[in-house]
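*Asks:* The structure that follows is given in the form of structure tokens.
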Amino acid sequence: MPNLDDATLAEIIRIGQESRGVEFKASIPWLGNETRITRTILAMANKEDGGVIIIGMTAAGATGITPEDLATYDIDAVSAFVNRYADPYVELGLRQVIYAGTTQMVIGVEEFRDVPVICQRASADGVLRQGGIYLRSYRMPETTLVRTAQDMRELIELATDKGVQRFIQRAARGGLDVGSAAQGTAEQAFRQQIEGSS
């Protein structure tokens with residue numbers, strides 16, 4: 001679950017504004033809404049730093065989740081359902097937050113570990129598409145499929161950054177100082193350029 005403590009979540013609820021990393025939903029049960037919520041979870045996983053879905057919250061404020069709806073959210077059931085559709089798997093967590101006398105269910109979604117998350121199968125209700133790559137839009141706080149080169153570029157850059165970090169960590173474990181190697185390569189290229197121009 002994204003590293004958000006109760007105070008930070010309470011502040012998000014107090015501000016009451018959705019964003020790329022924050023989605024509000026009125027009190028709804030998990031059962032009957034699994035695919036719509038899963039679609040948002042897949043999109044949050046493809047966003048840097050992941051995100052949160054707060055159930056029991058609307059644009060009008062913290063309305064709370066009903067006890068009946070709250071009882072339908074079980075971490076094992078939610079995680080199993082989401083990961084039937086996710087490739088690779090999505091890390092998520094559930095947490096209840098109390099704010100101004102109301103209870104909210106928070107679904108926290110971690111950013112993907114290595115490669116972007118793809119929807120590996122279609123849902124019977126048509127909400128989830130096989131091969132779909134879902135994102136949180138910059139235009140407005142909504143979940144959408146990758147539609148533009150810019151959308152794809154953001155995902156590629158995030159995955160590339162992760163790959164570079166893994167390479168640096170492996171190189172360091174093997175005793176290679178990547179920073180010095182890169183500096184030496186840059187200096188060599190500069191010298192070659194100077195020599196070639198004279």
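Chain labels run A, B, ... following the order of the structure tokens; each chain numbers its residues from 1, and ligands are numbered from 1 in the order shown.
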Using DSSP on the backbone, list every residue of chain A that comes out as helix (DSSP H, G or I), and give them as a PyMOL selection string.
*Replies:* chain A and resi 6-15+34-45+67-70+75-85+149-173+178-197
*Asks:* Within 6 Å of stretch 23-38 of chain A, which residues of stretch 63-164 of chain A show up? Give each one with its shortest atom-to-atom distance in Å (one decimal) and the two atoms involved, counting only C-alpha atoms, rows by chain then rising residue number, as CSV.
*Replies:*
residue,atom,partner,partner_atom,distance
A:Ile65,CA,A:Ser27,CA,4.5
A:Asp69,CA,A:Pro29,CA,4.2
A:Thr72,CA,A:Trp30,CA,5.6
A:Tyr73,CA,A:Trp30,CA,5.9
A:Val82,CA,A:Thr38,CA,5.6
*Asks:* Name the residues of stretch 13-180 of chain A that fall into strand (DSSP E) according to DSSP on the backbone, using the chain letters and numbers of this document, as a ChimeraX atom specification.
*Replies:* /A:22-25,51-55,57-58,61-62,86-87,92-99,102-109,118-119,134-136,143-145
*Asks:* Do you know which residues are at most 7 Å from A:Ile107 counting only C-alpha atoms, after dropping those on the same chain fewer than 3 positions away, and could you put them as a PDB file with C-alpha atoms, in the first residue's frame?
*Replies:*
ATOM      1  CA  VAL A  52      -5.548   5.337  -3.568  1.00  0.00           C
ATOM      2  CA  ILE A  53      -9.248   4.688  -4.095  1.00  0.00           C
ATOM      3  CA  ILE A  54     -11.343   6.045  -1.248  1.00  0.00           C
ATOM      4  CA  LEU A  92      -2.500  -3.544  -3.011  1.00  0.00           C
ATOM      5  CA  GLY A  93      -3.805  -3.131   0.513  1.00  0.00           C
ATOM      6  CA  LEU A  94      -7.058  -2.266   2.274  1.00  0.00           C
ATOM      7  CA  ARG A  95      -7.391   0.066   5.226  1.00  0.00           C
TER       8      ARG A  95
END
*Asks:* Hey, which bits of stretch 91-136 of chain A sit within 6 Å of stretch 144-161 of chain A, and for each residue what's the closest pair of atoms and how far apart in Å (one decimal), counting only C-alpha atoms, rows by chain and increasing number, as a Markdown table?
*Replies:*
| residue | atom | partner | partner_atom | distance |
| --- | --- | --- | --- | --- |
| A:Val115 | CA | A:Ala159 | CA | 5.6 |
| A:Ile133 | CA | A:Leu145 | CA | 5.6 |
| A:Tyr134 | CA | A:Leu145 | CA | 4.4 |
| A:Leu135 | CA | A:Thr144 | CA | 5.4 |
